[in-house]
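**Student:** Below is entry-v1.cif; it holds mmCIF, C-alpha atoms.
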```
data_final
loop_
_atom_site.label_atom_id
_atom_site.label_comp_id
_atom_site.auth_asym_id
_atom_site.auth_seq_id
_atom_site.Cartn_x
_atom_site.Cartn_y
_atom_site.Cartn_z
CA MET A 1 140.22 111.24 143.45
CA LYS A 2 139.55 108.09 145.44
CA VAL A 3 136.13 106.57 146.05
CA ALA A 4 134.93 105.08 149.34
CA LEU A 5 131.86 103.08 150.29
CA LEU A 6 130.22 104.16 153.55
CA SER A 7 129.33 101.01 155.44
CA LEU A 8 126.19 102.53 157.00
CA SER A 9 124.15 101.57 153.91
CA PHE A 10 124.97 97.95 154.86
CA ARG A 11 123.84 98.65 158.43
CA ARG A 12 122.77 95.09 159.28
CA TYR A 13 125.84 93.42 157.75
CA HIS A 14 129.17 92.77 159.38
CA LEU A 15 132.31 94.41 158.04
CA ASP A 16 133.56 91.25 156.30
CA LYS A 17 130.70 91.47 153.79
CA ILE A 18 131.19 95.18 153.19
CA PHE A 19 134.92 94.87 152.53
CA GLU A 20 134.27 91.96 150.16
CA VAL A 21 131.70 94.01 148.19
CA ALA A 22 133.88 97.14 148.11
CA GLY A 23 136.91 95.17 146.95
CA TYR A 24 135.03 93.28 144.28
CA PHE A 25 133.41 96.34 142.68
CA GLY A 26 136.56 98.42 142.70
CA TYR A 27 136.25 100.94 145.52
CA ASP A 28 139.44 102.38 146.99
CA GLY A 29 138.26 102.28 150.58
CA VAL A 30 135.55 101.69 153.15
CA GLU A 31 134.35 104.50 155.37
CA ILE A 32 133.45 102.58 158.50
CA TRP A 33 130.26 103.44 160.36
CA GLY A 34 130.70 103.14 164.11
CA GLY A 35 127.45 101.37 164.91
CA ARG A 36 126.46 97.82 165.75
CA PRO A 37 126.99 95.23 164.42
CA GLN A 38 129.89 96.81 162.55
CA ALA A 39 132.21 98.94 164.67
CA TYR A 40 130.55 100.49 167.72
CA PRO A 41 133.42 102.20 169.59
CA TYR A 42 132.91 100.36 172.86
CA ASP A 43 132.87 97.02 171.01
CA MET A 44 136.18 97.70 169.28
CA ASP A 45 138.64 95.85 171.47
CA GLU A 46 142.13 94.90 170.35
CA ALA A 47 140.91 91.79 168.50
CA ARG A 48 138.22 93.60 166.52
CA CYS A 49 140.58 96.43 165.60
CA ALA A 50 143.11 93.85 164.44
CA HIS A 51 140.41 92.22 162.30
CA VAL A 52 139.81 95.53 160.51
CA LEU A 53 143.53 95.73 159.76
CA GLU A 54 143.34 92.19 158.34
CA LEU A 55 140.38 93.14 156.12
CA LYS A 56 142.25 96.17 154.81
CA GLU A 57 145.21 93.98 153.92
CA LYS A 58 143.11 91.17 152.43
CA TYR A 59 141.16 93.40 150.05
CA GLY A 60 143.76 96.12 149.47
CA LEU A 61 141.43 98.82 150.78
CA GLU A 62 141.93 101.93 152.88
CA VAL A 63 139.75 103.21 155.70
CA PRO A 64 139.74 106.95 155.01
CA MET A 65 137.28 107.79 157.79
CA TYR A 66 135.73 106.31 160.91
CA THR A 67 132.19 107.62 161.44
CA PRO A 68 130.73 107.06 164.91
CA GLU A 69 126.98 107.55 165.19
CA VAL A 70 126.25 110.97 166.73
CA LEU A 71 122.94 112.07 165.22
CA GLY A 72 120.81 109.71 167.28
CA TYR A 73 120.24 108.83 170.93
CA PRO A 74 122.13 108.65 173.30
CA TYR A 75 125.02 110.87 172.11
CA ASN A 76 124.74 114.46 170.87
CA ILE A 77 127.47 117.09 170.54
CA SER A 78 124.81 119.84 170.77
CA THR A 79 123.02 118.56 173.85
CA THR A 80 121.92 120.93 176.60
CA ASP A 81 122.23 118.11 179.18
CA LYS A 82 125.54 118.12 181.10
CA LYS A 83 125.60 114.36 181.71
CA GLU A 84 124.85 113.57 178.07
CA ARG A 85 127.55 116.04 177.03
CA GLU A 86 130.13 114.36 179.28
CA GLU A 87 129.18 110.91 178.01
CA THR A 88 129.37 112.15 174.41
CA ILE A 89 132.90 113.41 175.02
CA ASP A 90 133.96 110.05 176.50
CA TYR A 91 132.31 108.16 173.64
CA LEU A 92 133.97 110.26 170.95
CA LYS A 93 137.36 110.09 172.64
CA LYS A 94 136.99 106.32 172.42
CA ALA A 95 136.09 106.70 168.73
CA ILE A 96 139.29 108.69 168.17
CA ASP A 97 141.27 105.88 169.81
CA VAL A 98 139.55 103.32 167.58
CA ALA A 99 140.37 105.35 164.47
CA LYS A 100 144.01 105.39 165.49
CA ALA A 101 144.00 101.62 166.09
CA ILE A 102 142.48 100.78 162.68
CA GLY A 103 144.63 103.22 160.74
CA ALA A 104 141.84 105.67 159.89
CA PRO A 105 143.24 109.21 159.65
CA ARG A 106 139.87 110.90 160.22
CA VAL A 107 136.86 110.76 162.54
CA GLN A 108 133.66 112.29 161.20
CA LEU A 109 131.52 114.42 163.49
CA ALA A 110 128.13 116.11 163.13
CA CYS A 111 126.06 118.11 165.58
CA GLY A 112 122.58 116.86 166.34
CA HIS A 113 119.54 118.95 167.21
CA ALA A 114 119.94 120.80 170.53
CA GLY A 115 116.19 120.90 171.07
CA TYR A 116 113.44 123.43 170.53
CA GLN A 117 113.04 126.46 172.83
CA THR A 118 116.80 126.58 173.25
CA ASN A 119 119.23 129.46 172.96
CA ARG A 120 121.49 129.54 169.89
CA LYS A 121 124.37 131.23 171.73
CA GLN A 122 124.31 128.69 174.58
CA ASN A 123 123.90 125.80 172.13
CA TYR A 124 127.03 126.94 170.31
CA GLN A 125 128.96 127.19 173.59
CA ASN A 126 127.91 123.61 174.39
CA VAL A 127 129.23 122.51 171.00
CA LEU A 128 132.52 124.31 171.69
CA THR A 129 132.83 122.59 175.08
CA VAL A 130 132.63 119.18 173.43
CA MET A 131 134.83 120.11 170.48
CA ASN A 132 137.58 121.62 172.61
CA ALA A 133 137.80 118.45 174.69
CA LEU A 134 137.87 116.26 171.56
CA THR A 135 140.42 118.49 169.84
CA GLU A 136 142.84 118.14 172.72
CA HIS A 137 142.54 114.35 172.50
CA ALA A 138 142.84 114.35 168.70
CA GLU A 139 146.01 116.43 168.86
CA LYS A 140 147.57 113.91 171.23
CA THR A 141 146.40 110.97 169.12
CA GLY A 142 147.22 112.32 165.66
CA VAL A 143 143.74 111.85 164.18
CA ASP A 144 141.84 114.59 162.33
CA LEU A 145 138.29 115.57 163.30
CA ILE A 146 136.06 116.25 160.29
CA MET A 147 132.95 118.29 161.07
CA GLU A 148 130.00 117.95 158.71
CA ALA A 149 127.25 120.54 158.43
CA VAL A 150 123.94 118.67 158.26
CA THR A 151 120.59 119.96 157.02
CA LEU A 152 118.29 122.21 159.02
CA MET A 153 115.88 119.27 159.17
CA GLU A 154 118.46 117.38 161.25
CA SER A 155 120.00 120.05 163.48
CA ASN A 156 119.81 123.66 164.64
CA THR A 157 123.48 124.22 165.44
CA ILE A 158 126.15 123.46 162.79
CA ILE A 159 124.15 123.45 159.56
CA PHE A 160 125.39 126.22 157.26
CA LEU A 161 128.77 126.90 155.69
CA ASP A 162 129.29 129.97 157.89
CA ASP A 163 128.66 127.81 160.97
CA LEU A 164 131.60 125.68 159.89
CA VAL A 165 133.78 128.72 159.30
CA GLU A 166 132.93 130.11 162.74
CA LEU A 167 133.63 126.79 164.46
CA LEU A 168 136.97 126.27 162.72
CA ASN A 169 138.08 129.81 163.56
CA ASP A 170 137.08 129.50 167.21
CA ILE A 171 138.85 126.16 167.69
CA GLY A 172 141.91 127.03 165.63
CA SER A 173 143.48 123.59 165.53
CA PRO A 174 145.13 121.98 162.50
CA ARG A 175 143.47 118.73 163.59
CA VAL A 176 139.94 120.11 163.07
CA LYS A 177 138.78 120.21 159.45
CA THR A 178 135.52 119.91 157.57
CA MET A 179 133.76 118.36 154.60
CA ILE A 180 130.82 118.63 152.22
CA ASP A 181 127.82 116.37 152.19
CA THR A 182 126.53 117.33 148.75
CA VAL A 183 122.90 117.16 149.89
CA THR A 184 123.32 119.97 152.42
CA PRO A 185 124.33 122.87 150.15
CA MET A 186 121.68 121.82 147.65
CA VAL A 187 118.89 121.84 150.26
CA HIS A 188 120.10 125.13 151.79
CA LYS A 189 120.58 126.83 148.40
CA GLU A 190 124.25 127.47 149.19
CA VAL A 191 126.95 127.72 146.53
CA PHE A 192 129.23 124.66 146.31
CA GLY A 193 132.20 126.77 145.27
CA ASP A 194 131.85 128.91 148.40
CA TYR A 195 132.82 125.89 150.50
CA PHE A 196 136.20 125.84 148.78
CA GLU A 197 136.55 129.63 148.80
CA LYS A 198 135.81 129.97 152.52
CA LEU A 199 137.30 126.75 153.86
CA GLY A 200 140.40 126.39 151.69
CA ASP A 201 142.58 123.48 152.77
CA LYS A 202 140.20 122.74 155.66
CA MET A 203 137.80 121.19 153.11
CA ASP A 204 139.01 117.62 153.47
CA TYR A 205 136.33 115.08 152.48
CA ILE A 206 133.11 114.72 150.46
CA HIS A 207 130.00 112.59 150.79
CA PHE A 208 129.13 112.46 147.09
CA ILE A 209 125.44 111.78 146.53
CA ASP A 210 122.48 113.25 144.69
CA SER A 211 119.55 115.11 146.25
CA ASP A 212 115.87 115.90 145.75
CA GLY A 213 116.68 119.49 146.72
CA VAL A 214 114.16 119.73 149.56
CA SER A 215 114.93 117.01 152.11
CA PRO A 216 117.88 115.13 153.70
CA THR A 217 117.24 112.19 151.35
CA HIS A 218 120.44 110.77 149.82
CA MET A 219 119.85 109.66 146.24
CA PRO A 220 121.89 107.70 143.67
CA VAL A 221 124.11 109.80 141.42
CA GLY A 222 122.07 110.99 138.43
CA SER A 223 118.65 110.39 139.98
CA GLY A 224 118.15 113.74 141.71
CA VAL A 225 118.37 117.45 140.96
CA ILE A 226 122.10 118.05 141.41
CA PRO A 227 123.85 118.40 138.03
CA MET A 228 126.54 115.91 139.01
CA GLU A 229 128.74 116.43 135.95
CA ALA A 230 128.79 120.16 136.64
CA LEU A 231 129.51 119.52 140.31
CA MET A 232 132.46 117.33 139.37
CA ALA A 233 133.72 120.15 137.13
CA VAL A 234 133.53 122.52 140.12
CA LEU A 235 135.49 120.10 142.31
CA LYS A 236 138.20 119.86 139.67
CA LYS A 237 138.23 123.65 139.20
CA TYR A 238 139.10 124.07 142.87
CA GLY A 239 141.74 121.35 142.71
CA TYR A 240 139.96 118.87 144.96
CA ASP A 241 141.73 115.52 144.76
CA GLY A 242 140.53 113.84 147.93
CA TRP A 243 137.95 111.21 148.82
CA LEU A 244 134.44 110.90 147.43
CA SER A 245 132.36 108.67 149.68
CA SER A 246 129.10 107.06 148.57
CA GLU A 247 126.59 107.56 151.41
CA LEU A 248 123.39 106.00 150.15
CA VAL A 249 121.76 105.73 153.58
CA SER A 250 118.33 106.40 152.05
CA TYR A 251 118.66 103.46 149.64
CA ALA A 252 119.80 100.71 151.99
CA SER A 253 117.24 97.99 151.16
CA GLU A 254 119.52 96.50 148.49
CA PRO A 255 122.94 97.93 149.31
CA GLU A 256 124.98 95.61 147.10
CA LEU A 257 123.11 96.69 143.95
CA SER A 258 123.53 100.32 144.98
CA ALA A 259 127.25 99.84 145.61
CA ALA A 260 127.74 98.23 142.19
CA ARG A 261 125.88 101.04 140.43
CA GLU A 262 127.40 103.98 142.31
CA ILE A 263 131.05 103.11 141.74
CA LYS A 264 130.43 103.07 137.98
CA SER A 265 128.56 106.38 138.09
CA ILE A 266 131.20 108.12 140.18
CA ARG A 267 134.16 106.73 138.19
CA ARG A 268 132.49 107.88 134.97
CA LEU A 269 132.23 111.42 136.34
CA ILE A 270 135.84 111.45 137.57
CA GLU A 271 137.17 110.24 134.22
CA GLY A 272 134.83 112.34 132.08
#
```
Would you mind writing the structure in this file as structure tokens?
**Tutor:**
Amino acid sequence: MKVALLSLSFRRYHLDKIFEVAGYFGYDGVEIWGGRPQAYPYDMDEARCAHVLELKEKYGLEVPMYTPEVLGYPYNISTTDKKEREETIDYLKKAIDVAKAIGAPRVQLACGHAGYQTNRKQNYQNVLTVMNALTEHAEKTGVDLIMEAVTLMESNTIIFLDDLVELLNDIGSPRVKTMIDTVTPMVHKEVFGDYFEKLGDKMDYIHFIDSDGVSPTHMPVGSGVIPMEALMAVLKKYGYDGWLSSELVSYASEPELSAAREIKSIRRLIEG
């Protein structure tokens, strides 16, 4: 398995600092967050994309995933507003183009909250409208779309494992895959192994963090309620050999200390 550092925990740093930290502490890659000041899609012109390629070369690091911000205003895959939906499609098509330009094989997606007093069936159709448009673009571009199920505190559309299964079946494209954020199954009392049983080779990426078991909080490995050694054993049982990405967005006040600690914790579990 390879280990990535999600740059969102360094949200007020530029990418140069994040690549330097990731290279120094021994990560295999940087999962790039698509927000300012780092890599907002509409800021990523030819020069800035070329700079990412230079950073990859300088530090010998991969960019396994490009992660545009979609869980906050003004973009939302689940929106009931037609104009916002159209702008979200345009924004995420641009993100797919950026991923291609920086050599990232994946773009991560998540569905925000569609709003209260909404209709689940219509919300799902709105999600499909966006995803079908993005899938067509991804197929032309050669970039995979990785849908994450977030917690029910963050969304009311794609939140459970069966939501992912339904979405993948309805889209039916080899370019659309999914992932686990280890907090989500823990909070929802879902079985980790079921993700592998139901998703098979569509399970393509993991945000590997600990959890308090009741909230979306992302905690350092070993500080929450997930038995991380047992979880690693489950990943190995199912033959997972992909990326583990450290997403300590809840512990971003001293991200360099967190990055130094997490790589040791995760490597110890992989090698144990």
**Student:** Taking the point (126.7, 113.2, 171.9) as given in the file, collect each protein or nucleic acid residue that comes within 8 Å of it, counting all atoms listed in the file, and present the set as number ranges by chain.
**Tutor:** A: 70-71, 73-79, 84-85, 87-89, 91-92, 112
**Student:** Just want the 9 Å neighbourhood of Asp28 of chain A, counted on all atoms listed in the file, with same-chain residues fewer than 3 positions away dropped. Output as a list in words.
**Tutor:**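 These residues fall inside the cut-off: Lys2, Val3, Ala4, Leu5, Ala22, Gly23, Gly60, Leu61, Glu62 and Val63 of chain A.
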**Student:** Restricted to C-alpha atoms, what would the selected residues look like written as an mmCIF file, in the frame of the given file?
**Tutor:**
```
data_model
loop_
_atom_site.group_PDB
_atom_site.id
_atom_site.type_symbol
_atom_site.label_atom_id
_atom_site.label_comp_id
_atom_site.auth_asym_id
_atom_site.auth_seq_id
_atom_site.Cartn_x
_atom_site.Cartn_y
_atom_site.Cartn_z
ATOM 1 C CA LYS A 2 139.550 108.090 145.440
ATOM 2 C CA VAL A 3 136.130 106.570 146.050
ATOM 3 C CA ALA A 4 134.930 105.080 149.340
ATOM 4 C CA LEU A 5 131.860 103.080 150.290
ATOM 5 C CA ALA A 22 133.880 97.140 148.110
ATOM 6 C CA GLY A 23 136.910 95.170 146.950
ATOM 7 C CA GLY A 60 143.760 96.120 149.470
ATOM 8 C CA LEU A 61 141.430 98.820 150.780
ATOM 9 C CA GLU A 62 141.930 101.930 152.880
ATOM 10 C CA VAL A 63 139.750 103.210 155.700
#
```
**Student:** For segment 232-242 of chain A, work out the shell of residues within 10 Å, counting all atoms listed in the file and skipping chain neighbours fewer than 3 positions away, then give it as a list of chain:residue names.
**Tutor:**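 My list of contacting residues is A:Met1, A:Lys2, A:Val3, A:Pro64, A:Phe192, A:Gly193, A:Phe196, A:Glu197, A:Gly200, A:Asp201, A:Met203, A:Asp204, A:Tyr205, A:Ile206, A:Phe208, A:Pro227, A:Met228, A:Glu229, A:Ser245, A:Ile266, A:Leu269, A:Ile270, A:Glu271, A:Gly272.
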**Student:** Skipping near chain neighbours, those fewer than 6 positions away, what residues fall within 12 Å of Asp43 of chain A using only C-alpha atoms, listed as a PyMOL selection string?
**Tutor:** chain A and resi 34-37+49+68+91+94-95+98
**Student:** Tell me, in Å to one decimal, how far atom CA of Arg175 of chain A is from atom CA of Lys100 of chain A.
**Tutor:** 13.5 Å
**Student:** For atom CA of Leu145 of chain A and atom CA of Ser246 of chain A, quote the distance in Å rounded to one decimal.
**Tutor:**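 Distance reported for this atom pair: 19.3 Å.
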**Student:** What is the distance, in Å and to one decimal place, between atom CA of Lys58 of chain A and atom CA of Ser9 of chain A?
**Tutor:**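 Spanning atom CA of Lys58 of chain A to atom CA of Ser9 of chain A is a straight-line distance of 21.7 Å.
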**Student:** Which residues, named as in the file, does the PyMOL selection byres ((chain A and resi 25) around 10) pick out? Answer as a ChimeraX atom specification.
**Tutor:** /A:20-24,26-28,256,259-264
**Student:** Report as a PyMOL selection string all protein, DNA and RNA residues lying within 12 Å of Ile146 of chain A, evaluated on only C-alpha atoms, omitting residues in the same chain fewer than 4 positions from it.
**Tutor:** chain A and resi 64-68+96+105-111+131+134-135+138+164+167-168+173-181+202-207
